[in-house]
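Worksheet: the structure to be examined is printed underneath.
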Protein chains: 2
Amino acid sequence: MVTINDVATAAGVAPSTVSYVISGKRSISPKTRRLVEESIRKLGYHPHAGARALASSKTNVLALVVPLRTDLNVAVVMEFVASAVTAARAHDHDLLLLTKDEGPAALQRVASSAIADALMVMDVEAADPRVPMLIALDLPVVLIGVPDHPAGLSCVDLDFTAAGSACVAHLAELGHRSIALIGPSPAVYRRGTSYATRFLRGFDDAAKTHDVRAANRPCAHSYEAVSACLDDLLAAAPDLTGLVVHNEAVLPGLLSDLRHRGLRVPEDISVVAVCPDSMAEHHPVALTTVAIPAEEVGAQAVEMTMRRLAGHTTPEVRLLGPRLTQRDSTSAPRPCSADRYQSDHSHGRIVP
Amino acid sequence: MVTINDVATAAGVAPSTVSYVISGKRSISPKTRRLVEESIRKLGYHPHAGARALASSKTNVLALVVPLRTDLNVAVVMEFVASAVTAARAHDHDLLLLTKDEGPAALQRVASSAIADALMVMDVEAADPRVPMLIALDLPVVLIGVPDHPAGLSCVDLDFTAAGSACVAHLAELGHRSIALIGPSPAVYRRGTSYATRFLRGFDDAAKTHDVRAANRPCAHSYEAVSACLDDLLAAAPDLTGLVVHNEAVLPGLLSDLRHRGLRVPEDISVVAVCPDSMAEHHPVALTTVAIPAEEVGAQAVEMTMRRLAGHTTPEVRLLGPRLTQRDSTSAPRPCSADRYQSDHSHGRIVP
DNA sequence: TGCCATCGTCGATGCGCTTCGACAGCCTTC
DNA sequence: GAAGGCTGTCGAAGCGCATCGACGATGGCA
């Protein structure tokens with residue numbers, strides 16, 4: 001292993017000088033700097049992370065707590081992680097991955113072992129048991145999502161309330177009078193996952209404002225669940241012409257099933273999806289979406305973390321405004337679709 | 001911060017004794033052990049990771065290099081990461097996330113900064129530029145995938161060659177005589193990604209063995225690409241009755257498009273998918289699959305890593321046997337399907 | 001020419017831990 | 001009853017680095 005002493009010897013200076021060249025915390029003459037930098041390069045020197053952490057109480061590691069249930073919005077999580085790790089590296093930090101499964105104790109451990117300098121926590125629930133603990137810790141913490149009582153913690157997320165409203169507004173403006181929300185799986189609501197309830201609130205509020213008839217169903221992402229969900233919705237509201245889908249995993253199944261039922265998108269039914277923009281084009285009909293800006297959120301989360309590490313102590317809450325992009329899956333409703341409930345020829349799931 | 005000295009004082013012993021209680025490297029009297037453990041618990045003591053790393057040259061961190069392109073098999077990567085982090089934690093290790101984008105230099109950095117004890121590398125290419133460097137490093141390394149010259153590195157992966165053969169064999173045994181492979185996007189082949197070429201080899205070999213007419217097309221995962229790909233395949237082989245899909249991202253689009261064309265699955269065309277088992281049921285027709293055992297691979301990768309860390313120096317190559325599960329998307333081909341090329345009513349993409 | 005301020009560099013110290021050799025007390029064994 | 005071997009504990013050293021005070025050299029100014 002090559003140490004700071006080796007570099008110092010090679011450059012003919014003291015170890016502390018090398019340290020100052022690296023950190024830039026004291027001024028160094030150009031000559032010395034060049035000498036040292038050359039030795040560093042020549043020897044391939046990298047400071048020992050442990051030693052550095054011990055001496056400086058900084059690890060240059062960010063811990064990220066992610067939900068690793070595969071039932072969730074995998075693509076969103078991946079996109080977020082990708083963006084976070086990239087942003088972290090841009091700030092010369094590494095990313096340590098923790099799972100939500102380990103619970104609050106893991107956070108405690110990471111904090112008191114000085115494994116990371118800060119924590120970023122995804123998939124926050126309304127009354128998340130980790131929140132009190134996170135507040136007690138005295139590491140910088142950034143939540144992705146907004147719990148009921150974030151007291152003192154920074155938060156960043158898409159403004160799901162506004163997103164819910166935007167979806168309704170879009171459909172209402174196109175002239176739809178009866179719409180429905182197909183939400184995340186019941187388990188997500190049961191956990192009180194922050195974004196699900198916030199979206200629902202926005203959806204409901206806007207439905208009232210726009211005087212639109214609105215139903216709403218959580219939906220697991222098996223094909224059967226999707227199908228049953230549509231059965232329910234169409235039975236309860238035969239005049240349904242607009243669908244807001246806040247559950248990217250069901251999209252393929254949903255579109256398939258609509259076709260089965262002889263419901264054309266957007267002629268017979270309009271669909272607004274809440275999902276990463278990258279998914280909009282993966283479907284037979286390019287989807288009108290409110291984008292989930294996972295990448296942006298990831299970058300912001302890291303940026304907020306770095307600000308806290310740099311000494312900005314005031315917590316911030318950043319809610320990113322929703323961006324709706326109209327594509328081919330929404331249009332004004334047709335006053336009368338003669339063949340609405342006609343099935344195509346291949347299967348038998350017909351809503352009478 | 002609570003240190004080992006605090007614990008020692010509280011327990012009335014020397015710091016080294018506390019250390020030995022924790023590590024178990026020397027025998028300790030039951031009385032002392034109890035005393036110390038109690039103090040640890042009472043004070044909430046966690047050893048300082050940096051100090052520990054410095055003194056023992058072990059970080060208890062595993063670095064995992066993942067491809068973070070969103071165009072890739074996101075679900076597989078997630079599943080793998082989830083399983084790896086869980087397995088690592090079970091061995092009292094944490095997981096550091098690196099991206100493939102950072103290239104070989106990042107591996108160098110991690111190794112010589114002593115940030116991690118071992119490296120696990122996903123998405124290995126046939127002539128991966130990182131391989132020579134990894135060999136030169138003297139950390140334990142486990143590759144997920146098999147490069148052309150793994151000399152000295154451990155590898156673990158699904159046996160994609162056998163998987164390719166298994167798909168063909170299944171279709172051949174059902175009686176199909178003309179099949180096609182829809183592979184990962186061209187970019188994946190261009191990179192020489194190990195699993196893509198291995199799968200193709202198995203596919204081709206088995207096609208010869210079983211005397212089956214076989215075509216093959218890489219396919220990007222936009223709906224257009226899928227559609228074009230099917231156009232090509234059907235034009236070139238109008239008698240096509242079997243499809244092997246080694247590209248989970250195109251599945252929804254593909255199934256949709258087949259329906260558009262009036263091709264029923266499995267009556268008119270059988271589909272074998274290579275994807276995580278969890279995805280099999282997300283489609284209107286439950287898919288016959290060869291499972292990508294991402295979870296198993298992740299667990300094995302960690303286990304192999306831990307073995308190397310424990311002193312097992314001989315590298316191993318583990319190829320997991322493929323497991324084909326027949327579901328509803330494959331059957332014997334119908335000798336004659338009158339309406340094969342009939343389109344359904346909603347769109348116009350008809351193959352004449 | 002002499003004095004002080006500034007700049008650039010050096011040595012020493014300590015971060016919290018592991019580990020090694022030392023050693024006190026005890027039990028065995030002839 | 002003395003010699004030797006264990007067992008359990010201790011103290012000290014050192015891992016590689018950051019940081020602080022000290023200090024020599026240099027330049028400006030009177």
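Convention: chains lettered A, B, ... in structure tokens order; per-chain residue numbering from 1; ligands numbered from 1 as shown.
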
Both chains have the same sequence, so superpose chain A on chain B over all Cα atoms paired in order and return it as a short mmCIF file (atom, residue, chain, number, x, y, z; two decimals) with C-alpha atoms, in the first residue's frame.
```
data_model
loop_
_atom_site.label_atom_id
_atom_site.label_comp_id
_atom_site.auth_asym_id
_atom_site.auth_seq_id
_atom_site.Cartn_x
_atom_site.Cartn_y
_atom_site.Cartn_z
CA MET A 1 -19.46 9.62 20.36
CA VAL A 2 -19.14 6.55 22.53
CA THR A 3 -15.85 4.72 22.14
CA ILE A 4 -14.43 1.44 23.17
CA ASN A 5 -12.83 3.19 26.09
CA ASP A 6 -16.17 4.34 27.41
CA VAL A 7 -17.41 0.78 27.28
CA ALA A 8 -14.27 -0.47 28.98
CA THR A 9 -14.58 2.07 31.76
CA ALA A 10 -18.26 1.30 32.26
CA ALA A 11 -17.53 -2.41 32.45
CA GLY A 12 -14.42 -1.96 34.57
CA VAL A 13 -12.14 -3.73 32.11
CA ALA A 14 -9.44 -2.81 29.62
CA PRO A 15 -10.32 -1.62 26.12
CA SER A 16 -8.60 -4.59 24.61
CA THR A 17 -10.85 -6.88 26.58
CA VAL A 18 -13.86 -5.19 25.07
CA SER A 19 -12.35 -5.67 21.67
CA TYR A 20 -11.88 -9.36 22.33
CA VAL A 21 -15.41 -9.73 23.57
CA ILE A 22 -16.63 -8.27 20.30
CA SER A 23 -14.38 -10.19 17.98
CA GLY A 24 -14.29 -13.40 19.92
CA LYS A 25 -10.65 -13.85 19.04
CA ARG A 26 -9.61 -14.72 22.57
CA SER A 27 -11.45 -16.55 25.23
CA ILE A 28 -13.24 -14.42 27.78
CA SER A 29 -14.75 -15.49 31.07
CA PRO A 30 -18.54 -15.60 31.06
CA LYS A 31 -18.67 -13.02 33.82
CA THR A 32 -16.55 -10.49 31.97
CA ARG A 33 -18.38 -11.13 28.76
CA ARG A 34 -21.71 -10.44 30.34
CA LEU A 35 -20.41 -7.28 31.94
CA VAL A 36 -19.04 -5.96 28.70
CA GLU A 37 -22.02 -6.88 26.60
CA GLU A 38 -24.27 -5.13 29.01
CA SER A 39 -22.22 -1.96 28.86
CA ILE A 40 -22.22 -2.09 25.09
CA ARG A 41 -25.97 -2.35 25.02
CA LYS A 42 -26.48 0.27 27.67
CA LEU A 43 -24.24 2.80 25.96
CA GLY A 44 -25.42 1.94 22.48
CA TYR A 45 -21.87 1.38 21.39
CA HIS A 46 -21.02 0.78 17.73
CA PRO A 47 -17.37 0.47 16.72
CA HIS A 48 -16.17 3.31 14.54
CA ALA A 49 -15.99 1.90 11.03
CA GLY A 50 -13.02 4.01 10.00
CA ALA A 51 -10.97 3.17 13.03
CA ARG A 52 -11.76 -0.46 12.64
CA ALA A 53 -10.81 -0.39 8.98
CA LEU A 54 -7.57 1.35 9.79
CA ALA A 55 -6.57 -1.05 12.49
CA SER A 56 -7.71 -4.26 10.90
CA SER A 57 -7.53 -3.59 7.17
CA LYS A 58 -11.09 -4.76 6.80
CA THR A 59 -14.00 -2.52 5.98
CA ASN A 60 -16.90 -4.95 6.02
CA VAL A 61 -18.05 -3.34 2.82
CA LEU A 62 -18.68 -5.04 -0.51
CA ALA A 63 -18.65 -2.92 -3.63
CA LEU A 64 -21.15 -3.76 -6.32
CA VAL A 65 -20.74 -2.41 -9.82
CA VAL A 66 -24.06 -2.21 -11.63
CA PRO A 67 -25.06 -1.01 -15.07
CA LEU A 68 -27.41 1.88 -14.55
CA ARG A 69 -28.62 2.32 -18.09
CA THR A 70 -32.37 2.48 -17.78
CA ASP A 71 -32.67 0.76 -21.14
CA LEU A 72 -31.56 -2.49 -19.64
CA ASN A 73 -33.31 -5.21 -17.76
CA VAL A 74 -34.21 -2.98 -14.87
CA ALA A 75 -36.21 -5.55 -12.97
CA VAL A 76 -33.41 -8.08 -13.11
CA VAL A 77 -30.85 -5.61 -11.88
CA MET A 78 -33.09 -4.52 -9.04
CA GLU A 79 -33.80 -8.05 -8.00
CA PHE A 80 -30.13 -8.83 -8.05
CA VAL A 81 -29.19 -5.79 -6.03
CA ALA A 82 -31.90 -6.48 -3.51
CA SER A 83 -30.73 -9.99 -3.01
CA ALA A 84 -27.07 -9.00 -2.84
CA VAL A 85 -27.59 -6.33 -0.24
CA THR A 86 -29.69 -8.67 1.85
CA ALA A 87 -27.14 -11.44 1.62
CA ALA A 88 -24.33 -9.03 2.41
CA ARG A 89 -26.11 -7.79 5.50
CA ALA A 90 -26.61 -11.36 6.60
CA HIS A 91 -22.82 -11.62 6.62
CA ASP A 92 -22.51 -8.34 8.48
CA HIS A 93 -21.33 -6.46 5.44
CA ASP A 94 -22.62 -3.33 3.77
CA LEU A 95 -22.99 -2.72 0.08
CA LEU A 96 -21.42 0.15 -1.80
CA LEU A 97 -22.92 0.96 -5.16
CA LEU A 98 -20.74 1.84 -8.12
CA THR A 99 -21.82 2.41 -11.67
CA LYS A 100 -20.37 0.85 -14.72
CA ASP A 101 -20.11 4.33 -16.20
CA GLU A 102 -17.17 5.19 -14.01
CA GLY A 103 -15.12 2.57 -15.75
CA PRO A 104 -12.01 0.77 -14.57
CA ALA A 105 -10.61 3.80 -12.74
CA ALA A 106 -13.35 3.62 -10.15
CA LEU A 107 -12.41 0.06 -9.33
CA GLN A 108 -8.82 1.09 -8.93
CA ARG A 109 -9.87 3.87 -6.63
CA VAL A 110 -12.05 1.67 -4.45
CA ALA A 111 -9.32 -0.89 -4.16
CA SER A 112 -6.47 1.40 -3.30
CA SER A 113 -8.50 3.61 -1.00
CA ALA A 114 -9.51 0.49 0.88
CA ILE A 115 -13.13 1.48 0.62
CA ALA A 116 -14.34 -2.06 0.18
CA ASP A 117 -13.04 -5.53 0.87
CA ALA A 118 -14.20 -7.07 -2.37
CA LEU A 119 -15.80 -6.30 -5.68
CA MET A 120 -18.81 -7.75 -7.42
CA VAL A 121 -19.21 -6.75 -11.03
CA MET A 122 -22.37 -7.07 -13.06
CA ASP A 123 -22.95 -6.84 -16.79
CA VAL A 124 -19.61 -8.19 -17.83
CA GLU A 125 -18.70 -8.07 -21.49
CA ALA A 126 -16.84 -10.70 -23.46
CA ALA A 127 -13.69 -8.62 -23.68
CA ASP A 128 -14.40 -6.40 -20.76
CA PRO A 129 -11.76 -3.69 -20.28
CA ARG A 130 -12.22 -3.99 -16.57
CA VAL A 131 -11.19 -7.59 -16.40
CA PRO A 132 -7.41 -7.17 -16.71
CA MET A 133 -7.50 -4.49 -14.09
CA LEU A 134 -9.61 -6.61 -11.78
CA ILE A 135 -7.12 -9.43 -12.10
CA ALA A 136 -4.29 -7.07 -11.20
CA LEU A 137 -6.10 -5.83 -8.13
CA ASP A 138 -5.61 -8.10 -5.24
CA LEU A 139 -9.06 -7.95 -3.87
CA PRO A 140 -11.48 -10.81 -4.15
CA VAL A 141 -13.59 -10.25 -7.25
CA VAL A 142 -16.75 -11.99 -8.34
CA LEU A 143 -18.11 -11.39 -11.79
CA ILE A 144 -21.76 -11.75 -12.65
CA GLY A 145 -21.43 -13.00 -16.17
CA VAL A 146 -18.55 -14.75 -17.87
CA PRO A 147 -15.97 -12.90 -19.93
CA ASP A 148 -13.82 -14.62 -22.50
CA HIS A 149 -10.79 -14.77 -20.23
CA PRO A 150 -11.79 -14.79 -16.59
CA ALA A 151 -8.36 -16.06 -15.56
CA GLY A 152 -8.35 -16.09 -11.83
CA LEU A 153 -11.67 -14.37 -11.30
CA SER A 154 -14.74 -16.03 -9.89
CA CYS A 155 -17.86 -15.96 -12.01
CA VAL A 156 -21.48 -16.75 -11.42
CA ASP A 157 -24.44 -16.52 -13.72
CA LEU A 158 -27.35 -18.33 -15.22
CA ASP A 159 -26.09 -20.79 -17.78
CA PHE A 160 -27.44 -18.77 -20.68
CA THR A 161 -26.15 -21.20 -23.24
CA ALA A 162 -28.16 -23.97 -21.66
CA ALA A 163 -31.08 -21.56 -21.31
CA GLY A 164 -31.04 -20.83 -25.01
CA SER A 165 -31.01 -24.52 -25.75
CA ALA A 166 -33.80 -25.20 -23.30
CA CYS A 167 -36.09 -22.73 -25.02
CA VAL A 168 -35.48 -24.29 -28.41
CA ALA A 169 -35.83 -27.80 -27.06
CA HIS A 170 -39.15 -26.96 -25.47
CA LEU A 171 -40.57 -25.55 -28.68
CA ALA A 172 -39.10 -28.32 -30.79
CA GLU A 173 -40.60 -30.95 -28.54
CA LEU A 174 -43.98 -29.32 -28.88
CA GLY A 175 -43.58 -29.76 -32.59
CA HIS A 176 -42.55 -26.31 -33.79
CA ARG A 177 -40.39 -26.32 -36.91
CA SER A 178 -39.82 -22.63 -37.48
CA ILE A 179 -38.93 -20.37 -34.60
CA ALA A 180 -37.24 -17.06 -33.95
CA LEU A 181 -35.30 -15.39 -31.21
CA ILE A 182 -36.09 -11.83 -30.27
CA GLY A 183 -33.00 -10.73 -28.44
CA PRO A 184 -31.78 -7.77 -26.42
CA SER A 185 -31.26 -4.48 -28.17
CA PRO A 186 -28.49 -4.27 -30.77
CA ALA A 187 -26.46 -2.13 -28.40
CA VAL A 188 -26.23 -5.03 -26.00
CA TYR A 189 -24.74 -7.27 -28.66
CA ARG A 190 -22.47 -4.50 -29.84
CA ARG A 191 -21.01 -4.24 -26.38
CA GLY A 192 -20.41 -7.96 -26.49
CA THR A 193 -22.44 -8.42 -23.35
CA SER A 194 -21.64 -11.89 -22.23
CA TYR A 195 -25.11 -13.27 -21.58
CA ALA A 196 -26.54 -12.17 -24.91
CA THR A 197 -23.98 -13.99 -26.99
CA ARG A 198 -24.01 -17.03 -24.79
CA PHE A 199 -27.76 -17.31 -25.06
CA LEU A 200 -27.60 -16.92 -28.81
CA ARG A 201 -25.03 -19.66 -29.05
CA GLY A 202 -27.24 -22.06 -27.10
CA PHE A 203 -30.20 -21.10 -29.23
CA ASP A 204 -28.37 -21.68 -32.49
CA ASP A 205 -26.79 -24.93 -31.43
CA ALA A 206 -30.07 -26.39 -30.26
CA ALA A 207 -31.82 -25.25 -33.43
CA LYS A 208 -29.29 -27.25 -35.39
CA THR A 209 -29.57 -30.26 -33.12
CA HIS A 210 -33.34 -30.26 -33.29
CA ASP A 211 -33.33 -29.42 -36.95
CA VAL A 212 -35.54 -26.41 -36.50
CA ARG A 213 -35.56 -23.40 -38.76
CA ALA A 214 -34.39 -20.50 -36.64
CA ALA A 215 -34.12 -16.78 -37.17
CA ASN A 216 -32.91 -14.19 -34.75
CA ARG A 217 -33.29 -10.44 -34.33
CA PRO A 218 -32.03 -8.04 -31.69
CA CYS A 219 -34.77 -5.66 -30.73
CA ALA A 220 -34.79 -2.26 -29.01
CA HIS A 221 -37.66 -1.83 -26.64
CA SER A 222 -39.73 0.91 -28.16
CA TYR A 223 -43.07 -0.22 -29.52
CA GLU A 224 -42.00 0.70 -33.03
CA ALA A 225 -38.90 -1.45 -32.83
CA VAL A 226 -40.90 -4.42 -31.65
CA SER A 227 -43.37 -3.97 -34.43
CA ALA A 228 -40.70 -3.65 -37.08
CA CYS A 229 -38.96 -6.69 -35.70
CA LEU A 230 -42.10 -8.78 -36.03
CA ASP A 231 -42.66 -7.47 -39.53
CA ASP A 232 -39.21 -8.68 -40.47
CA LEU A 233 -39.52 -12.04 -38.86
CA LEU A 234 -42.93 -12.83 -40.28
CA ALA A 235 -41.96 -11.67 -43.73
CA ALA A 236 -38.87 -13.83 -43.72
CA ALA A 237 -40.62 -16.84 -42.24
CA PRO A 238 -44.38 -16.86 -42.75
CA ASP A 239 -44.51 -20.31 -41.21
CA LEU A 240 -43.18 -19.03 -37.90
CA THR A 241 -44.93 -20.62 -34.94
CA GLY A 242 -42.57 -20.12 -32.04
CA LEU A 243 -40.94 -17.12 -30.48
CA VAL A 244 -38.18 -17.03 -27.90
CA VAL A 245 -38.01 -13.63 -26.25
CA HIS A 246 -34.79 -12.84 -24.48
CA ASN A 247 -35.71 -9.26 -23.73
CA GLU A 248 -38.20 -8.75 -20.97
CA ALA A 249 -38.76 -5.10 -21.78
CA VAL A 250 -40.42 -5.84 -25.10
CA LEU A 251 -42.86 -8.40 -23.73
CA PRO A 252 -45.84 -6.12 -23.20
CA GLY A 253 -45.39 -4.46 -26.56
CA LEU A 254 -44.79 -7.74 -28.28
CA LEU A 255 -47.90 -9.40 -26.90
CA SER A 256 -49.92 -6.35 -27.79
CA ASP A 257 -48.61 -6.33 -31.28
CA LEU A 258 -49.22 -10.01 -31.81
CA ARG A 259 -52.81 -9.42 -30.88
CA HIS A 260 -52.97 -6.51 -33.31
CA ARG A 261 -51.90 -8.86 -36.00
CA GLY A 262 -54.57 -11.33 -35.04
CA LEU A 263 -52.00 -13.81 -33.85
CA ARG A 264 -53.25 -15.56 -30.78
CA VAL A 265 -50.89 -16.84 -28.11
CA PRO A 266 -50.45 -19.77 -27.98
CA GLU A 267 -52.96 -20.91 -30.62
CA ASP A 268 -51.19 -19.23 -33.51
CA ILE A 269 -47.83 -18.58 -32.03
CA SER A 270 -46.05 -19.86 -28.96
CA VAL A 271 -43.93 -17.58 -26.81
CA VAL A 272 -41.15 -18.53 -24.45
CA ALA A 273 -39.83 -15.65 -22.40
CA VAL A 274 -36.52 -15.41 -20.61
CA CYS A 275 -37.28 -13.23 -17.63
CA PRO A 276 -37.72 -13.25 -13.87
CA ASP A 277 -40.46 -15.63 -12.87
CA SER A 278 -42.24 -12.82 -11.11
CA MET A 279 -43.04 -11.26 -14.48
CA ALA A 280 -44.66 -14.36 -15.91
CA GLU A 281 -48.07 -13.58 -14.49
CA HIS A 282 -48.17 -9.90 -15.36
CA HIS A 283 -49.41 -10.55 -18.83
CA PRO A 284 -52.79 -11.45 -20.26
CA VAL A 285 -51.42 -14.87 -21.03
CA ALA A 286 -49.30 -16.39 -18.30
CA LEU A 287 -45.94 -16.87 -19.94
CA THR A 288 -43.90 -19.98 -20.30
CA THR A 289 -40.51 -18.85 -19.07
CA VAL A 290 -36.96 -19.74 -18.48
CA ALA A 291 -36.42 -17.94 -15.23
CA ILE A 292 -33.64 -15.46 -14.74
CA PRO A 293 -32.77 -16.30 -11.16
CA ALA A 294 -31.48 -12.89 -10.24
CA GLU A 295 -32.09 -13.44 -6.59
CA GLU A 296 -30.24 -16.72 -6.54
CA VAL A 297 -27.36 -15.28 -8.51
CA GLY A 298 -27.11 -12.36 -6.12
CA ALA A 299 -27.04 -14.63 -3.12
CA GLN A 300 -24.44 -16.89 -4.73
CA ALA A 301 -22.29 -13.95 -5.69
CA VAL A 302 -22.20 -12.76 -2.12
CA GLU A 303 -21.57 -16.24 -0.83
CA MET A 304 -18.65 -16.69 -3.21
CA THR A 305 -17.29 -13.34 -2.16
CA MET A 306 -17.46 -14.26 1.48
CA ARG A 307 -15.68 -17.51 0.80
CA ARG A 308 -12.86 -15.65 -0.85
CA LEU A 309 -12.70 -13.24 2.05
CA ALA A 310 -12.54 -16.20 4.37
CA GLY A 311 -9.43 -17.40 2.61
CA HIS A 312 -10.67 -19.73 -0.09
CA THR A 313 -8.36 -18.55 -2.78
CA THR A 314 -9.33 -20.74 -5.69
CA PRO A 315 -11.66 -18.97 -8.09
CA GLU A 316 -14.84 -20.79 -9.06
CA VAL A 317 -17.16 -20.50 -12.01
CA ARG A 318 -20.73 -21.32 -11.16
CA LEU A 319 -23.30 -21.59 -13.92
CA LEU A 320 -26.82 -22.10 -12.67
CA GLY A 321 -28.89 -24.58 -14.63
CA PRO A 322 -31.88 -23.08 -16.41
CA ARG A 323 -35.38 -23.85 -15.19
CA LEU A 324 -38.17 -23.78 -17.75
CA THR A 325 -41.72 -23.47 -16.49
CA GLN A 326 -44.46 -24.15 -18.93
CA ARG A 327 -47.46 -21.90 -18.55
CA ASP A 328 -50.10 -20.76 -21.02
CA SER A 329 -48.07 -19.19 -23.77
CA THR A 330 -46.76 -22.32 -25.43
CA SER A 331 -48.54 -25.23 -27.04
CA ALA A 332 -48.19 -27.49 -30.02
CA PRO A 333 -48.54 -25.52 -33.23
CA ARG A 334 -51.88 -25.74 -35.06
CA PRO A 335 -51.27 -27.28 -38.45
CA CYS A 336 -53.39 -24.64 -40.10
CA SER A 337 -54.73 -21.42 -38.68
CA ALA A 338 -57.19 -19.97 -41.14
CA ASP A 339 -57.25 -16.52 -39.62
CA ARG A 340 -53.58 -16.22 -38.93
CA TYR A 341 -53.04 -12.89 -40.47
CA GLN A 342 -56.35 -11.36 -39.72
CA SER A 343 -56.13 -8.15 -37.79
CA ASP A 344 -58.39 -7.20 -34.95
CA HIS A 345 -60.63 -4.26 -35.50
CA SER A 346 -58.85 -1.43 -33.78
CA HIS A 347 -55.65 -0.82 -35.69
CA GLY A 348 -54.27 -1.29 -39.09
CA ARG A 349 -50.95 -3.04 -38.82
CA ILE A 350 -51.66 -6.08 -40.95
CA VAL A 351 -49.07 -8.41 -42.33
CA PRO A 352 -50.34 -9.38 -45.75
#
```

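For region 101-137 of chain B, backbone-based DSSP labels the following residues as alpha helix (DSSP H): Gly103, Pro104, Ala105, Ala106, Leu107, Gln108, Arg109, Val110, Ala111, Ser112, Arg130, Val131, Pro132, Met133, Leu134, Ile135 and Ala136 of chain B.
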
The residue from D:DT19, D:DG8, D:DA13, D:DG1 with the smallest atom-to-atom distance to DC15 (chain C), counting only C-alpha atoms (C1' of nucleotides), is D:DT19

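Residue nearest DC3 (chain C), chosen from D:DG21, D:DG5, D:DG28, D:DG16 and counting only C-alpha atoms (C1' of nucleotides): D:DG28.
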
Skipping near chain neighbours, those fewer than 3 positions away, what residues fall within 12 Å of DC23 (chain D) using only C-alpha atoms (C1' of nucleotides), listed as a count of residues only?
5

Could you make a table, as CSV, of the residues of chain C that have an atom within 12 Å of an atom of chain B, each with its nearest atom pair and distance in Å to one decimal, counting only C-alpha atoms (C1' of nucleotides), in chain and number order?
```
residue,atom,partner,partner_atom,distance
C:DC15,C1',B:Ala51,CA,7.8
C:DG16,C1',B:Ala51,CA,5.0
C:DC17,C1',B:Arg52,CA,5.1
C:DT18,C1',B:Ala55,CA,5.4
C:DT19,C1',B:Ser16,CA,8.7
C:DC20,C1',B:Ser16,CA,11.1
```

Please produce a file of those selected residues containing N, CA and C atoms (P, O5', C5', C4', C3', O3' and C1' of nucleotides), as a PDB file, in the first residue's frame.
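Full text of part17.pdb as output:
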```pdb
ATOM      1  P    DC C  15      -7.797  11.524  20.830  1.00  0.00           P
ATOM      2  O5'  DC C  15      -8.899  11.153  19.740  1.00  0.00           O
ATOM      3  C5'  DC C  15      -9.346  12.091  18.779  1.00  0.00           C
ATOM      4  C4'  DC C  15      -9.682  11.357  17.512  1.00  0.00           C
ATOM      5  C3'  DC C  15     -10.190   9.942  17.734  1.00  0.00           C
ATOM      6  O3'  DC C  15     -11.615   9.960  17.773  1.00  0.00           O
ATOM      7  C1'  DC C  15      -8.585  10.058  15.920  1.00  0.00           C
ATOM      8  P    DG C  16     -12.374   9.400  19.064  1.00  0.00           P
ATOM      9  O5'  DG C  16     -12.388   7.832  18.789  1.00  0.00           O
ATOM     10  C5'  DG C  16     -13.040   7.357  17.631  1.00  0.00           C
ATOM     11  C4'  DG C  16     -12.639   5.924  17.405  1.00  0.00           C
ATOM     12  C3'  DG C  16     -12.869   4.991  18.598  1.00  0.00           C
ATOM     13  O3'  DG C  16     -13.599   3.885  18.133  1.00  0.00           O
ATOM     14  C1'  DG C  16     -10.662   4.759  17.790  1.00  0.00           C
ATOM     15  P    DC C  17     -13.979   2.638  18.999  1.00  0.00           P
ATOM     16  O5'  DC C  17     -12.934   1.577  18.447  1.00  0.00           O
ATOM     17  C5'  DC C  17     -13.041   1.163  17.088  1.00  0.00           C
ATOM     18  C4'  DC C  17     -11.765   0.513  16.647  1.00  0.00           C
ATOM     19  C3'  DC C  17     -11.464  -0.831  17.290  1.00  0.00           C
ATOM     20  O3'  DC C  17     -11.940  -1.842  16.403  1.00  0.00           O
ATOM     21  C1'  DC C  17      -9.502   0.542  17.065  1.00  0.00           C
ATOM     22  P    DT C  18     -11.910  -3.355  16.918  1.00  0.00           P
ATOM     23  O5'  DT C  18     -10.439  -3.799  16.523  1.00  0.00           O
ATOM     24  C5'  DT C  18     -10.053  -3.837  15.154  1.00  0.00           C
ATOM     25  C4'  DT C  18      -8.621  -4.308  15.034  1.00  0.00           C
ATOM     26  C3'  DT C  18      -8.367  -5.730  15.531  1.00  0.00           C
ATOM     27  O3'  DT C  18      -7.462  -6.310  14.613  1.00  0.00           O
ATOM     28  C1'  DT C  18      -6.952  -4.241  16.688  1.00  0.00           C
ATOM     29  P    DT C  19      -7.252  -7.878  14.540  1.00  0.00           P
ATOM     30  O5'  DT C  19      -5.788  -8.032  15.145  1.00  0.00           O
ATOM     31  C5'  DT C  19      -4.778  -7.106  14.743  1.00  0.00           C
ATOM     32  C4'  DT C  19      -3.579  -7.238  15.645  1.00  0.00           C
ATOM     33  C3'  DT C  19      -3.401  -8.628  16.276  1.00  0.00           C
ATOM     34  O3'  DT C  19      -2.032  -8.963  16.214  1.00  0.00           O
ATOM     35  C1'  DT C  19      -3.378  -7.006  17.947  1.00  0.00           C
ATOM     36  P    DC C  20      -1.599 -10.462  16.130  1.00  0.00           P
ATOM     37  O5'  DC C  20      -0.118 -10.325  16.706  1.00  0.00           O
ATOM     38  C5'  DC C  20       0.567  -9.061  16.613  1.00  0.00           C
ATOM     39  C4'  DC C  20       1.400  -8.852  17.857  1.00  0.00           C
ATOM     40  C3'  DC C  20       1.795 -10.147  18.564  1.00  0.00           C
ATOM     41  O3'  DC C  20       3.170 -10.162  18.876  1.00  0.00           O
ATOM     42  C1'  DC C  20       0.724  -8.690  20.086  1.00  0.00           C
TER      43       DC C  20
END
```
